[in-house]
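Shown here: target_38.txt, compact mmCIF, C-alpha atoms and all ligand atoms.
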```txt
# COMPACT_ATOMS: atom_id res chain seq x y z
CA MET A 1367 -5.91 26.32 17.26
CA ILE A 1368 -7.69 28.08 14.40
CA MET A 1369 -7.01 25.13 12.14
CA ASN A 1370 -8.46 22.87 14.82
CA ASP A 1371 -11.78 24.76 14.84
CA ARG A 1372 -11.90 24.86 11.06
CA PHE A 1373 -11.41 21.12 11.01
CA TRP A 1374 -14.06 20.14 13.58
CA SER A 1375 -16.61 22.53 12.06
CA LYS A 1376 -16.75 20.15 9.09
CA VAL A 1377 -17.56 17.11 11.19
CA ASN A 1378 -21.10 15.83 11.71
CA LYS A 1379 -20.96 14.00 15.04
CA THR A 1380 -23.76 11.44 15.03
CA ASN A 1381 -24.21 9.20 18.07
CA THR A 1382 -21.89 6.69 16.41
CA CYS A 1383 -19.76 7.81 13.47
CA TRP A 1384 -18.37 11.31 13.11
CA LEU A 1385 -18.90 12.00 9.43
CA TRP A 1386 -16.58 14.25 7.51
CA GLU A 1387 -18.64 16.80 5.56
CA GLY A 1388 -15.70 18.42 3.78
CA THR A 1389 -14.01 17.19 0.63
CA VAL A 1390 -14.27 13.44 0.09
CA GLU A 1391 -11.82 11.87 -2.33
CA ASN A 1392 -12.70 9.26 -4.97
CA THR A 1393 -11.36 6.64 -2.61
CA GLY A 1394 -14.09 7.55 -0.09
CA TYR A 1395 -11.66 9.07 2.41
CA GLY A 1396 -12.15 12.63 3.60
CA SER A 1397 -9.42 15.16 2.96
CA PHE A 1398 -8.64 18.44 4.66
CA ALA A 1399 -6.55 21.29 3.27
CA VAL A 1400 -4.05 22.30 5.94
CA SER A 1401 -2.72 24.95 3.56
CA HIS A 1402 -3.26 26.04 -0.06
CA THR A 1403 -0.90 23.37 -1.29
CA LYS A 1404 -1.13 20.61 1.27
CA GLY A 1405 -4.01 18.26 1.99
CA VAL A 1406 -4.15 15.51 4.57
CA LEU A 1407 -6.52 12.61 5.18
CA ALA A 1408 -9.24 13.83 7.53
CA HIS A 1409 -9.35 10.69 9.69
CA ARG A 1410 -5.59 10.75 10.22
CA LEU A 1411 -5.70 14.39 11.29
CA ALA A 1412 -8.68 13.72 13.59
CA TYR A 1413 -6.74 10.93 15.28
CA GLU A 1414 -3.65 13.09 15.68
CA LEU A 1415 -5.66 16.00 17.10
CA SER A 1416 -7.59 13.81 19.55
CA VAL A 1417 -5.30 10.94 20.49
CA GLY A 1418 -1.80 11.77 19.36
CA GLU A 1419 0.75 10.83 16.79
CA ILE A 1420 0.10 7.73 14.69
CA PRO A 1421 2.98 5.29 15.35
CA SER A 1422 5.28 5.33 12.36
CA GLY A 1423 4.66 2.63 9.78
CA LEU A 1424 1.09 2.08 10.96
CA THR A 1425 -2.09 2.87 9.10
CA LEU A 1426 -5.47 3.68 10.65
CA ASP A 1427 -8.14 1.02 10.25
CA HIS A 1428 -11.77 2.10 10.30
CA LEU A 1429 -13.48 -0.28 12.73
CA CYS A 1430 -16.86 0.92 11.43
CA ARG A 1431 -15.91 0.55 7.72
CA VAL A 1432 -17.09 4.13 7.05
CA ARG A 1433 -14.12 5.64 5.26
CA ASN A 1434 -15.01 9.27 5.90
CA CYS A 1435 -15.68 8.67 9.60
CA VAL A 1436 -13.24 10.65 11.79
CA ASN A 1437 -14.35 9.40 15.23
CA PRO A 1438 -11.06 8.49 16.99
CA ASP A 1439 -12.92 5.71 18.85
CA HIS A 1440 -13.56 4.07 15.48
CA LEU A 1441 -9.94 4.27 14.38
CA GLU A 1442 -7.26 1.78 15.27
CA PRO A 1443 -3.60 1.97 14.22
CA VAL A 1444 -2.67 -1.32 12.58
CA THR A 1445 -0.02 -2.57 10.18
CA CYS A 1446 -0.74 -2.36 6.46
CA ALA A 1447 -0.89 -6.14 6.22
CA GLU A 1448 -3.46 -6.34 9.03
CA ASN A 1449 -5.55 -3.61 7.40
CA ILE A 1450 -5.63 -5.49 4.10
CA ARG A 1451 -6.44 -8.76 5.86
CA ARG A 1452 -9.39 -7.14 7.65
CA GLY A 1453 -10.56 -5.38 4.51
CA GLY A 1454 -10.65 -8.64 2.61
CA GLN A 1455 -13.15 -10.15 5.01
CA ALA A 1456 -15.33 -7.06 5.29
CA LYS A 1457 -19.01 -7.88 5.51
CA LEU A 1458 -21.98 -5.73 6.27
CA ARG A 1459 -23.38 -7.92 9.03
CA PRO A 1460 -21.06 -6.77 11.87
CA PHE A 1461 -22.10 -3.17 11.19
CA LEU A 1462 -25.89 -3.45 11.39
CA GLU A 1463 -26.12 -1.59 14.69
CA ASN A 1464 -23.86 1.16 13.42
CA ILE A 1465 -25.97 1.53 10.27
CA LYS A 1466 -29.19 1.73 12.28
CA HIS A 1467 -27.65 4.35 14.60
CA LEU A 1468 -26.55 6.42 11.63
CA TYR A 1469 -30.01 6.19 10.11
CA ILE A 1470 -31.63 7.29 13.39
CA SER A 1471 -29.14 10.19 13.50
CA GLY A 1472 -30.56 11.46 10.22
CA ILE A 1473 -28.18 9.99 7.66
CA SER A 1474 -30.30 9.18 4.59
CA GLN A 1475 -30.48 5.75 2.99
CA PRO A 1476 -28.75 6.86 -0.25
CA LYS A 1477 -25.95 8.34 1.84
CA LEU A 1478 -25.62 5.17 3.93
CA ALA A 1479 -25.48 3.11 0.74
CA LYS A 1480 -22.59 5.28 -0.40
CA LEU A 1481 -20.79 5.08 2.96
CA TYR A 1482 -20.97 1.29 3.01
CA ARG A 1483 -20.62 0.90 -0.76
CA VAL A 1484 -23.68 -1.30 -1.11
CA ASN A 1485 -27.00 -0.97 -2.93
CA GLN A 1486 -29.62 1.30 -1.45
CA SER A 1487 -32.09 -1.58 -1.45
CA THR A 1488 -29.79 -3.46 0.94
CA ILE A 1489 -29.67 -0.45 3.31
CA SER A 1490 -33.43 -0.11 3.10
CA ARG A 1491 -33.88 -3.75 4.14
CA VAL A 1492 -31.33 -3.39 6.95
CA VAL A 1493 -32.97 -0.32 8.51
CA ASN A 1494 -36.41 -1.86 8.14
CA GLY A 1495 -35.29 -5.09 9.77
CA LYS A 1496 -36.05 -7.22 6.72
CA ARG A 1497 -34.12 -10.19 5.40
CA TRP A 1498 -31.18 -9.23 3.22
CA GLU A 1499 -28.19 -10.85 1.56
CA GLU A 1500 -24.53 -9.92 1.88
CA GLU A 1501 -23.13 -8.13 -1.14
CA ASN A 1502 -19.46 -7.96 -2.02
CA MET A 1503 -18.20 -4.79 -0.39
ZN ZN B 1 -17.26 5.38 12.42
```

Can you dump the structure from the file as C-alpha cells?
Amino acid sequence: MIMNDRFWSKVNKTNTCWLWEGTVENTGYGSFAVSHTKGVLAHRLAYELSVGEIPSGLTLDHLCRVRNCVNPDHLEPVTCAENIRRGGQAKLRPFLENIKHLYISGISQPKLAKLYRVNQSTISRVVNGKRWEEENM
C-alpha cells in the first residue's frame, strides 16, 4: 500500500477534477513511476486502484477532457474507436461548469488554458461569463 499512498499524494482533488501534480507527458497525460524502470499512465492506475481492472482492449475516456485528471468518476472505459469518435467532436461548451468549478477550486487561468488546450483569453471569458467562440481543441 506504500505505492498507493505515494500515488495519491500527488493528486490535487478539486471539487470536480482530481489533477495529477506529478510528471505530465508531452501528450498531456500524467505518468507515474511504479519502479525505476517502469512508468504507467496516472489515470489508468487511478482507475485500477479505485474501481478495478480496465477490461482488456478498452481505453479510458476522459469525460471532462482534462487529460491529467485521475478522478475515476470522470473516466469511462470505451473502445478505441469510440474514444476517437468522441475526441473528434470535442468542444469546450459541454465543459463550462467543470471549468468554472476548477477555477473556483484555485486552478489558475493559464493552467486551465493548458488543461483544455485553448487560449487563455477564452478561459478568461468563460470564467467571467462573457461571450466567447469555440476554438479547435
Ligand atoms: Zn476530470

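Compared by their closest atoms to ligand ZN 1 (chain B), and using all atoms listed in the file, the residues A:Glu1387, A:Asp1427, A:Glu1448, A:Asp1371 rank with A:Asp1427 nearest.
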
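Among A:Cys1446, A:Leu1415, A:Met1369, A:Cys1430, the residue with the shortest atom-to-atom distance to ligand ZN 1 (chain B), counting only C-alpha atoms and all ligand atoms, is A:Cys1430.
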
Could you make a table, as CSV, of the residues of chain A that have an atom within 8 Å of an atom of ligand ZN 1 (chain B), each with its nearest atom pair and distance in Å to one decimal, counting only C-alpha atoms and all ligand atoms, in chain and number order?
```
residue,atom,partner,partner_atom,distance
A:Thr1382,CA,B:ZN1,ZN,6.3
A:Cys1383,CA,B:ZN1,ZN,3.6
A:Trp1384,CA,B:ZN1,ZN,6.1
A:Leu1385,CA,B:ZN1,ZN,7.4
A:His1428,CA,B:ZN1,ZN,6.7
A:Leu1429,CA,B:ZN1,ZN,6.8
A:Cys1430,CA,B:ZN1,ZN,4.6
A:Arg1431,CA,B:ZN1,ZN,6.9
A:Val1432,CA,B:ZN1,ZN,5.5
A:Arg1433,CA,B:ZN1,ZN,7.8
A:Asn1434,CA,B:ZN1,ZN,7.9
A:Cys1435,CA,B:ZN1,ZN,4.6
A:Val1436,CA,B:ZN1,ZN,6.7
A:Asn1437,CA,B:ZN1,ZN,5.7
A:Asp1439,CA,B:ZN1,ZN,7.8
A:His1440,CA,B:ZN1,ZN,5.0
A:Leu1441,CA,B:ZN1,ZN,7.7
A:Asn1464,CA,B:ZN1,ZN,7.9
```

All residues 12 Å or closer to Trp1386 (chain A), only C-alpha atoms, same chain fewer than 3 positions away omitted, as a ChimeraX atom specification: /A:1373-1380,1383,1389-1391,1394-1398,1407-1412,1432-1437,1481

Could you jot down the CA of Glu1414 (chain A) to CA of His1402 (chain A) separation for me, Å, one decimal place? 20.4 Å

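Pairwise distance (CA of Glu1499 (chain A), CA of Leu1468 (chain A)) equals 20.1 Å.
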
Rounded to one decimal, what separation in Å do you get between CA of Ile1420 (chain A) and CA of Pro1443 (chain A)? 6.9 Å

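With all atoms listed in the file as the basis for measurement, A:Asn1370 is the residue among A:Lys1480, A:Asn1449, A:Asn1370, A:Val1492 that approaches Ser1416 (chain A) most closely.
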
If I wrap all listed atoms of region 1470-1483 of chain A in a box with edges along x, y and z and add 8 Å on each side, what are its centre and edge lengths in Å to one decimal, as AutoDock Vina command-line options?
```
--center_x -26.1 --center_y 6.2 --center_z 6.4 --size_x 27.0 --size_y 26.6 --size_z 30.3
```

Selected residue of minimal separation from Val1417 (chain A) among A:Pro1438, A:Ser1401, A:Ser1490, A:Ile1473, counting all atoms listed in the file: A:Pro1438

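Shortest atom-to-atom contact with Thr1488 (chain A) among A:Glu1501, A:Glu1463, A:Glu1419, A:Glu1442: A:Glu1501, counting only C-alpha atoms.
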